[in-house]
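What follows is a short report on a single structure.
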Amino acid sequence: MANAQKRDFAALRAEFPIFHDKVYINSCSYGALSNHVRAAFAAYLDVREEEGSPWQMFVEKLEQARAQFAAQINASPDEVAITTSASQAIGAIASGVRFDQGRDEVLITDYEFPTSGENWFAQEARGARVRIVGVGPSGYILPEDITAALTDKTAVVAATHVCYRNGFRQDVASVTAAARDAGAITVVDGFQCLGTEALDVKAADLDVYVGGATKYMLATAGLCFMYVRKPLIEQITPLITGWFAQSDIFAMDHRKNDFSSTARRFEAGTPPNVNIMAGIAGMDMIDEAGPAEIRRHVVGLNERLKAGVRDLQGRFASPDDPKWHGAMIAIKSTDENALVAALESDGIVTSCRDGNLRISAHLYNNQHDVDAVLAALDKNRSLLA
Ligand SMILES: Cc1ncc(COP(=O)(O)O)c(C=O)c1O
């Protein structure tokens, strides 16, 4: 929906029924359900009931989702794979990287989501050596902390765009450029970023970018997108495959494996049709708001939140500068589960990780939501660290 009609944020909020009863500010965990996405789920059930097996339509929806996602990140549809999880996408790439050609090292950071680390450790069976880049002198993992760890043995850098624990937002363009200079590819986990800002994979000159539809893409679990820069696609031969990864998915030839020359080669079996229909509807909402406008809106809300938390003498695990944090703000707590429960009892839905309360605004949140969070934090100051 490249030419989506823009709608203002208040009109978009009205599409999310959860706000009738709750202050929902937990997109880092799961995006709120809109009427539009609900209608897409219903449309899937309707077509199943009425037509039974509309495979042609499902394949068209798959390609529609691929094209819409590609347009959102300024990629070509041929550079986009559609999978059911980030784990599957990262696993397909990891399984295809060679570690026997003079480079065997994988750098991961302590900001990775488990699945990003685990998939690279799994490659130790094929000769990979995983090294972990921890927090540097700044208290965060800055691009220079990662690039200082590069060696002439580094094959891959795994870097998270926005950390799910503290909201740190990595400069993935700088990391990718430095890694490429050193002869390594960079695989970015953008799960906590997609849907929160404009992303141009060409301008940022990224290699691989993975993200799913669960959170700020406003759709559902069970759908993931992966961008792979064109020249890399045929250099990586996955060891996990299936009929939707073939050059002709209708060839139905079990006597050979004929990978697609596009990023479809990183796919595997039957696509998640219902999730794809929901995913298109979620992307419609993002297009209607505009990713750059979403970022502006959320930065504004987060500045208000941070100022209010400071007034309460609260402290942050997230960096202060919006350039260095994503949509999620992590607030230090003495008992984060108790704080989430206290907010829940006031009808405010949040989540926590690692000693921090996570407040994650999106296009549907407004200043009243932030003020409600601040009022609840004021009541529970003893739980702020
Ligand atoms: C940064 C990050 N990566 C990946 C995932 C999910 O990975 P998968 O799609 O494999 O469940 C999440 C959240 O669930 C996440 O926050």
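We name chains A, B, ... following the order of the structure tokens; residues begin at 1 in each chain, and ligands are numbered from 1 as shown.
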Test item: residues no farther than 10 Å from ligand 1, counting only C-alpha atoms and all ligand atoms, as a VMD selection string: chain A and resid 28 to 30 83 to 91 111 to 116 159 to 165 167 188 to 193 210 to 215 221 to 225
Please, could you write that set of residues out with C-alpha atoms as a CSV table (one decimal), in the first residue's frame?
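Writing done, so here's selection_15.csv:
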```
chain,number,residue,atom,x,y,z
A,28,CYS,CA,7.4,-4.5,22.6
A,29,SER,CA,5.6,-7.6,23.7
A,30,TYR,CA,2.7,-7.8,21.3
A,83,THR,CA,9.1,-17.2,7.2
A,84,THR,CA,7.1,-18.1,10.3
A,85,SER,CA,9.7,-16.8,12.8
A,86,ALA,CA,12.9,-14.9,13.2
A,87,SER,CA,14.4,-18.2,14.4
A,88,GLN,CA,13.6,-19.9,11.1
A,89,ALA,CA,14.9,-16.9,9.1
A,90,ILE,CA,18.2,-16.5,11.1
A,91,GLY,CA,18.5,-20.3,11.1
A,111,TYR,CA,22.0,-7.4,23.3
A,112,GLU,CA,20.8,-10.3,21.2
A,113,PHE,CA,17.5,-12.0,21.6
A,114,PRO,CA,18.1,-15.6,22.6
A,115,THR,CA,17.2,-17.0,19.2
A,116,SER,CA,19.9,-14.9,17.5
A,159,ALA,CA,23.6,-7.3,15.9
A,160,THR,CA,20.2,-6.4,17.3
A,161,HIS,CA,18.8,-3.1,16.0
A,162,VAL,CA,16.8,-2.4,19.2
A,163,CYS,CA,17.5,-4.4,22.3
A,164,TYR,CA,14.4,-6.1,23.8
A,165,ARG,CA,15.8,-5.7,27.3
A,167,GLY,CA,15.7,-0.5,24.3
A,188,VAL,CA,20.5,-7.6,12.0
A,189,ASP,CA,17.6,-8.6,14.2
A,190,GLY,CA,15.2,-5.8,13.7
A,191,PHE,CA,12.2,-7.4,15.5
A,192,GLN,CA,11.9,-4.6,18.0
A,193,CYS,CA,12.3,-1.9,15.4
A,210,VAL,CA,15.1,-9.8,10.1
A,211,GLY,CA,11.9,-8.8,11.8
A,212,GLY,CA,8.5,-10.1,12.6
A,213,ALA,CA,4.8,-9.1,12.5
A,214,THR,CA,4.1,-9.8,16.2
A,215,LYS,CA,5.0,-6.4,17.7
A,221,ALA,CA,2.9,-14.0,15.8
A,222,GLY,CA,3.9,-16.6,13.2
A,223,LEU,CA,5.0,-14.3,10.4
A,224,CYS,CA,8.5,-12.9,9.8
A,225,PHE,CA,10.2,-11.1,7.0
```
Sel. of helix (DSSP H, G or I) residues, segment 44-241 of chain A, as a PyMOL selection string: chain A and resi 44-51+55-73+77-79+86-96+114-126+143-147+172-181+230-233
Pairwise distance for atom CA of Arg131 of chain A and atom CA of Ile108 of chain A, rounded to one decimal in Å: 6.3 Å
Pick from A:Val349, A:Ala268, A:Ala81, A:Ala361 nearest to Ile294 of chain A, counting only C-alpha atoms: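 So, comparing all the options, the nearest one is A:Ala361.
What separates atom CA of Ala32 of chain A from atom CA of Thr350 of chain A is a distance of 11.9 Å.
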Neighbour list for Val135 of chain A as a ChimeraX atom specification, cut-off 12 Å, only C-alpha atoms, skip fewer than 2 positions in-chain: /A:108-111,132-133,137-146,168
Store the residues of this selection in a file with N, CA and C atoms, as an mmCIF file, in the first residue's frame.
```cif
data_model
loop_
_atom_site.group_PDB
_atom_site.id
_atom_site.type_symbol
_atom_site.label_atom_id
_atom_site.label_comp_id
_atom_site.auth_asym_id
_atom_site.auth_seq_id
_atom_site.Cartn_x
_atom_site.Cartn_y
_atom_site.Cartn_z
ATOM 1 N N ILE A 108 28.616 -12.108 18.258
ATOM 2 C CA ILE A 108 27.262 -11.733 18.679
ATOM 3 C C ILE A 108 27.420 -10.739 19.828
ATOM 4 N N THR A 109 26.339 -10.053 20.173
ATOM 5 C CA THR A 109 26.439 -9.104 21.283
ATOM 6 C C THR A 109 25.564 -9.565 22.441
ATOM 7 N N ASP A 110 25.797 -8.958 23.581
ATOM 8 C CA ASP A 110 24.944 -9.269 24.742
ATOM 9 C C ASP A 110 23.580 -8.604 24.635
ATOM 10 N N TYR A 111 23.305 -7.942 23.530
ATOM 11 C CA TYR A 111 21.967 -7.387 23.302
ATOM 12 C C TYR A 111 21.092 -8.310 22.451
ATOM 13 N N ILE A 132 31.440 -13.270 22.070
ATOM 14 C CA ILE A 132 30.379 -12.365 22.534
ATOM 15 C C ILE A 132 30.959 -10.992 22.846
ATOM 16 N N VAL A 133 30.337 -9.972 22.287
ATOM 17 C CA VAL A 133 30.732 -8.593 22.585
ATOM 18 C C VAL A 133 29.834 -8.096 23.717
ATOM 19 N N PRO A 137 32.821 0.549 27.768
ATOM 20 C CA PRO A 137 33.043 1.562 28.814
ATOM 21 C C PRO A 137 31.885 2.548 28.968
ATOM 22 N N SER A 138 31.080 2.733 27.915
ATOM 23 C CA SER A 138 29.957 3.681 27.988
ATOM 24 C C SER A 138 28.797 3.132 28.818
ATOM 25 N N GLY A 139 28.857 1.833 29.126
ATOM 26 C CA GLY A 139 27.713 1.204 29.793
ATOM 27 C C GLY A 139 26.747 0.581 28.792
ATOM 28 N N TYR A 140 27.008 0.794 27.507
ATOM 29 C CA TYR A 140 26.186 0.223 26.431
ATOM 30 C C TYR A 140 27.097 -0.508 25.449
ATOM 31 N N ILE A 141 26.505 -1.159 24.464
ATOM 32 C CA ILE A 141 27.319 -1.785 23.412
ATOM 33 C C ILE A 141 27.239 -0.874 22.192
ATOM 34 N N LEU A 142 28.225 -0.016 22.063
ATOM 35 C CA LEU A 142 28.243 0.959 20.970
ATOM 36 C C LEU A 142 28.837 0.312 19.717
ATOM 37 N N PRO A 143 28.616 0.933 18.544
ATOM 38 C CA PRO A 143 29.178 0.353 17.316
ATOM 39 C C PRO A 143 30.676 0.088 17.453
ATOM 40 N N GLU A 144 31.395 1.016 18.097
ATOM 41 C CA GLU A 144 32.851 0.832 18.203
ATOM 42 C C GLU A 144 33.230 -0.377 19.057
ATOM 43 N N ASP A 145 32.365 -0.748 20.005
ATOM 44 C CA ASP A 145 32.653 -1.950 20.807
ATOM 45 C C ASP A 145 32.586 -3.191 19.920
ATOM 46 N N ILE A 146 31.644 -3.177 18.966
ATOM 47 C CA ILE A 146 31.512 -4.331 18.067
ATOM 48 C C ILE A 146 32.641 -4.321 17.048
ATOM 49 N N PHE A 168 18.043 -0.203 23.819
ATOM 50 C CA PHE A 168 19.178 0.414 23.113
ATOM 51 C C PHE A 168 19.017 0.240 21.603
#
```
Picked from segment 292-332 of chain A by DSSP as strand (DSSP E), as number ranges by chain: A: 328-332
Expected file: the selected residues, C-alpha atoms, as a compact mmCIF listing (two decimals), in the first residue's frame:
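Full text of selection.txt as output:
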```txt
# COMPACT_ATOMS: atom_id res chain seq x y z
CA MET A 328 10.68 1.03 24.20
CA ILE A 329 11.86 2.76 27.38
CA ALA A 330 13.24 0.55 30.15
CA ILE A 331 12.79 1.92 33.68
CA LYS A 332 14.80 0.37 36.51
```
Please produce, as JSON lines, a per-residue contact table for segment 281-349 of chain A versus segment 7-27 of chain A (criterion: any atom at most 10 Å away, only C-alpha atoms considered), showing the nearest atom pair and its distance in Å to one decimal, sorted by chain then residue number.
```
{"residue": "A:Met285", "atom": "CA", "partner": "A:Leu12", "partner_atom": "CA", "distance": 7.8}
{"residue": "A:Ile286", "atom": "CA", "partner": "A:Leu12", "partner_atom": "CA", "distance": 9.9}
{"residue": "A:Asp287", "atom": "CA", "partner": "A:Arg7", "partner_atom": "CA", "distance": 9.4}
{"residue": "A:Glu288", "atom": "CA", "partner": "A:Arg7", "partner_atom": "CA", "distance": 5.7}
{"residue": "A:Ala289", "atom": "CA", "partner": "A:Arg7", "partner_atom": "CA", "distance": 6.0}
{"residue": "A:Gly290", "atom": "CA", "partner": "A:Arg7", "partner_atom": "CA", "distance": 9.0}
{"residue": "A:Glu293", "atom": "CA", "partner": "A:Phe9", "partner_atom": "CA", "distance": 9.4}
{"residue": "A:Ile294", "atom": "CA", "partner": "A:Phe9", "partner_atom": "CA", "distance": 8.8}
{"residue": "A:His297", "atom": "CA", "partner": "A:Phe9", "partner_atom": "CA", "distance": 8.7}
{"residue": "A:Ala327", "atom": "CA", "partner": "A:Ser27", "partner_atom": "CA", "distance": 8.8}
{"residue": "A:Met328", "atom": "CA", "partner": "A:Ser27", "partner_atom": "CA", "distance": 8.2}
{"residue": "A:Leu343", "atom": "CA", "partner": "A:Val23", "partner_atom": "CA", "distance": 9.6}
{"residue": "A:Glu344", "atom": "CA", "partner": "A:Lys22", "partner_atom": "CA", "distance": 9.0}
{"residue": "A:Asp346", "atom": "CA", "partner": "A:Lys22", "partner_atom": "CA", "distance": 8.6}
{"residue": "A:Gly347", "atom": "CA", "partner": "A:Lys22", "partner_atom": "CA", "distance": 5.1}
{"residue": "A:Ile348", "atom": "CA", "partner": "A:Val23", "partner_atom": "CA", "distance": 4.6}
{"residue": "A:Val349", "atom": "CA", "partner": "A:Tyr24", "partner_atom": "CA", "distance": 4.9}
```
Residue subset to file, keeping C-alpha atoms, as a compact mmCIF listing (two decimals), in the first residue's frame:
```txt
# COMPACT_ATOMS: atom_id res chain seq x y z
CA MET A 285 -1.90 0.47 9.43
CA ILE A 286 1.81 1.31 9.41
CA ASP A 287 1.51 2.73 5.89
CA GLU A 288 -1.52 4.79 6.87
CA ALA A 289 0.34 6.37 9.78
CA GLY A 290 3.68 6.62 7.96
CA GLU A 293 5.55 10.03 11.52
CA ILE A 294 5.30 7.07 13.92
CA HIS A 297 4.99 10.66 17.50
CA ALA A 327 10.25 2.91 20.94
CA MET A 328 10.68 1.03 24.20
CA LEU A 343 0.16 -1.04 36.77
CA GLU A 344 -2.08 -3.85 35.57
CA ASP A 346 -4.78 0.28 37.29
CA GLY A 347 -5.68 -1.05 33.83
CA ILE A 348 -2.26 -0.32 32.33
CA VAL A 349 -0.66 -3.12 30.31
```
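Proximity of A:Tyr227, A:Arg126, A:Arg169, A:Ser95 to Asn74 of chain A, computed with only C-alpha atoms, is greatest for A:Tyr227.
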Thr147 of chain A surroundings by only C-alpha atoms, 10 Å radius, close-in-sequence under 2 positions cut, as a list of chain:residue names: A:Leu107, A:Val133, A:Leu142, A:Pro143, A:Glu144, A:Asp145, A:Ala149, A:Leu150, A:Thr151, A:Val157, A:Ser174, A:Val175, A:Thr176, A:Ala177, A:Ala178, A:Ala179, A:Ala182
Could you save the residues just selected, with N, CA and C atoms, as a PDB file, in the first residue's frame?
```pdb
ATOM      1  N   LEU A 107      30.600 -12.985  15.611  1.00  0.00           N
ATOM      2  CA  LEU A 107      30.488 -12.056  16.738  1.00  0.00           C
ATOM      3  C   LEU A 107      29.020 -11.835  17.031  1.00  0.00           C
ATOM      4  N   VAL A 133      30.337  -9.972  22.287  1.00  0.00           N
ATOM      5  CA  VAL A 133      30.732  -8.593  22.585  1.00  0.00           C
ATOM      6  C   VAL A 133      29.834  -8.096  23.717  1.00  0.00           C
ATOM      7  N   LEU A 142      28.225  -0.016  22.063  1.00  0.00           N
ATOM      8  CA  LEU A 142      28.243   0.959  20.970  1.00  0.00           C
ATOM      9  C   LEU A 142      28.837   0.312  19.717  1.00  0.00           C
ATOM     10  N   PRO A 143      28.616   0.933  18.544  1.00  0.00           N
ATOM     11  CA  PRO A 143      29.178   0.353  17.316  1.00  0.00           C
ATOM     12  C   PRO A 143      30.676   0.088  17.453  1.00  0.00           C
ATOM     13  N   GLU A 144      31.395   1.016  18.097  1.00  0.00           N
ATOM     14  CA  GLU A 144      32.851   0.832  18.203  1.00  0.00           C
ATOM     15  C   GLU A 144      33.230  -0.377  19.057  1.00  0.00           C
ATOM     16  N   ASP A 145      32.365  -0.748  20.005  1.00  0.00           N
ATOM     17  CA  ASP A 145      32.653  -1.950  20.807  1.00  0.00           C
ATOM     18  C   ASP A 145      32.586  -3.191  19.920  1.00  0.00           C
ATOM     19  N   ALA A 149      36.020  -5.544  17.924  1.00  0.00           N
ATOM     20  CA  ALA A 149      36.159  -6.998  18.110  1.00  0.00           C
ATOM     21  C   ALA A 149      36.339  -7.745  16.782  1.00  0.00           C
ATOM     22  N   LEU A 150      36.184  -7.034  15.659  1.00  0.00           N
ATOM     23  CA  LEU A 150      36.328  -7.695  14.342  1.00  0.00           C
ATOM     24  C   LEU A 150      37.763  -8.173  14.147  1.00  0.00           C
ATOM     25  N   THR A 151      37.911  -9.342  13.538  1.00  0.00           N
ATOM     26  CA  THR A 151      39.257  -9.831  13.197  1.00  0.00           C
ATOM     27  C   THR A 151      39.217 -10.333  11.750  1.00  0.00           C
ATOM     28  N   VAL A 157      28.679 -10.919  11.779  1.00  0.00           N
ATOM     29  CA  VAL A 157      28.352 -10.134  12.971  1.00  0.00           C
ATOM     30  C   VAL A 157      26.833 -10.215  13.141  1.00  0.00           C
ATOM     31  N   SER A 174      26.455   1.678  10.560  1.00  0.00           N
ATOM     32  CA  SER A 174      27.895   1.774  10.852  1.00  0.00           C
ATOM     33  C   SER A 174      28.493   0.401  11.124  1.00  0.00           C
ATOM     34  N   VAL A 175      27.759  -0.408  11.881  1.00  0.00           N
ATOM     35  CA  VAL A 175      28.274  -1.751  12.193  1.00  0.00           C
ATOM     36  C   VAL A 175      28.432  -2.556  10.899  1.00  0.00           C
ATOM     37  N   THR A 176      27.409  -2.483  10.030  1.00  0.00           N
ATOM     38  CA  THR A 176      27.460  -3.254   8.780  1.00  0.00           C
ATOM     39  C   THR A 176      28.617  -2.785   7.901  1.00  0.00           C
ATOM     40  N   ALA A 177      28.809  -1.471   7.822  1.00  0.00           N
ATOM     41  CA  ALA A 177      29.885  -0.935   6.969  1.00  0.00           C
ATOM     42  C   ALA A 177      31.245  -1.401   7.473  1.00  0.00           C
ATOM     43  N   ALA A 178      31.460  -1.312   8.785  1.00  0.00           N
ATOM     44  CA  ALA A 178      32.767  -1.715   9.338  1.00  0.00           C
ATOM     45  C   ALA A 178      32.983  -3.215   9.169  1.00  0.00           C
ATOM     46  N   ALA A 179      31.912  -3.992   9.382  1.00  0.00           N
ATOM     47  CA  ALA A 179      32.044  -5.447   9.229  1.00  0.00           C
ATOM     48  C   ALA A 179      32.368  -5.785   7.772  1.00  0.00           C
ATOM     49  N   ALA A 182      35.803  -5.339   6.927  1.00  0.00           N
ATOM     50  CA  ALA A 182      36.643  -6.399   7.509  1.00  0.00           C
ATOM     51  C   ALA A 182      36.350  -7.753   6.866  1.00  0.00           C
TER      52      ALA A 182
END
```
Show me, as CSV, the residues of segment 256-351 of chain A having an atom within 7 Å of segment 51-65 of chain A, each with the closest atom pair and its distance in Å, using only C-alpha atoms.
```
residue,atom,partner,partner_atom,distance
A:Asn273,CA,A:Phe58,CA,6.0
A:Ile276,CA,A:Leu62,CA,6.4
A:Met277,CA,A:Lys61,CA,6.7
A:Ile280,CA,A:Ala65,CA,5.6
```
May I have the selected residues written with N, CA and C atoms, as a PDB file, in the first residue's frame?
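File part_31.pdb, as written:
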```
ATOM      1  N   ASN A 273      -0.758 -18.884   5.825  1.00  0.00           N
ATOM      2  CA  ASN A 273      -1.701 -18.058   5.047  1.00  0.00           C
ATOM      3  C   ASN A 273      -2.479 -17.049   5.893  1.00  0.00           C
ATOM      4  N   ILE A 276      -0.307 -14.251   7.046  1.00  0.00           N
ATOM      5  CA  ILE A 276       0.049 -13.354   5.940  1.00  0.00           C
ATOM      6  C   ILE A 276      -1.089 -12.359   5.692  1.00  0.00           C
ATOM      7  N   MET A 277      -2.323 -12.845   5.749  1.00  0.00           N
ATOM      8  CA  MET A 277      -3.457 -11.924   5.550  1.00  0.00           C
ATOM      9  C   MET A 277      -3.498 -10.895   6.683  1.00  0.00           C
ATOM     10  N   ILE A 280      -0.597  -8.324   6.168  1.00  0.00           N
ATOM     11  CA  ILE A 280      -0.896  -7.264   5.183  1.00  0.00           C
ATOM     12  C   ILE A 280      -1.718  -6.160   5.856  1.00  0.00           C
TER      13      ILE A 280
END
```
Test item: residues at most 7 Å from segment 230-245 of chain A, only C-alpha atoms, excluding those fewer than 3 positions along its chain, as a PyMOL selection string: chain A and resi 79+92-93+95-97+249+259-270
Contacts of Ala75 of chain A at 12 Å (only C-alpha atoms; same-chain gap of 4+ positions) as a list in words: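 My reading of the contact set: Arg66, Ala67, Gln68, Phe69, Ala70, Ala71, Glu79, Val80, Ala81, Leu199, Asp200, Val201, Lys202, Ala203, Ala204, Asp205, Leu206, Asp207, Val208, Tyr209, Phe225, Met226, Tyr227, Val228, Arg229, Lys230 and Ala263 of chain A.
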Which of A:Ala184, A:Ser76, A:His254, A:Val37 sits closest to Gly102 of chain A [using only C-alpha atoms]: A:Ala184
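For the residues A:Ala281, A:Val298, A:Ala128, A:Ala158, ranking by smallest atom-to-atom distance to Gln101 of chain A using only C-alpha atoms places A:Ala128 first.
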Skip Cys352 of chain A itself and residues of its chain fewer than 6 positions away, then list as a PDB file with N, CA and C atoms, in the first residue's frame all residues within 7 Å of it, counting only C-alpha atoms.
```pdb
ATOM      1  N   GLU A 336      10.407  -5.699  39.315  1.00  0.00           N
ATOM      2  CA  GLU A 336       9.722  -5.359  38.065  1.00  0.00           C
ATOM      3  C   GLU A 336       8.403  -6.117  37.876  1.00  0.00           C
ATOM      4  N   ASN A 337       8.345  -7.361  38.401  1.00  0.00           N
ATOM      5  CA  ASN A 337       7.079  -8.108  38.258  1.00  0.00           C
ATOM      6  C   ASN A 337       5.975  -7.465  39.102  1.00  0.00           C
ATOM      7  N   VAL A 340       4.824  -4.312  37.250  1.00  0.00           N
ATOM      8  CA  VAL A 340       3.912  -4.638  36.138  1.00  0.00           C
ATOM      9  C   VAL A 340       2.522  -4.968  36.690  1.00  0.00           C
ATOM     10  N   ARG A 358       9.138  -2.245  31.118  1.00  0.00           N
ATOM     11  CA  ARG A 358       9.221  -1.832  29.711  1.00  0.00           C
ATOM     12  C   ARG A 358       7.939  -1.080  29.329  1.00  0.00           C
TER      13      ARG A 358
END
```
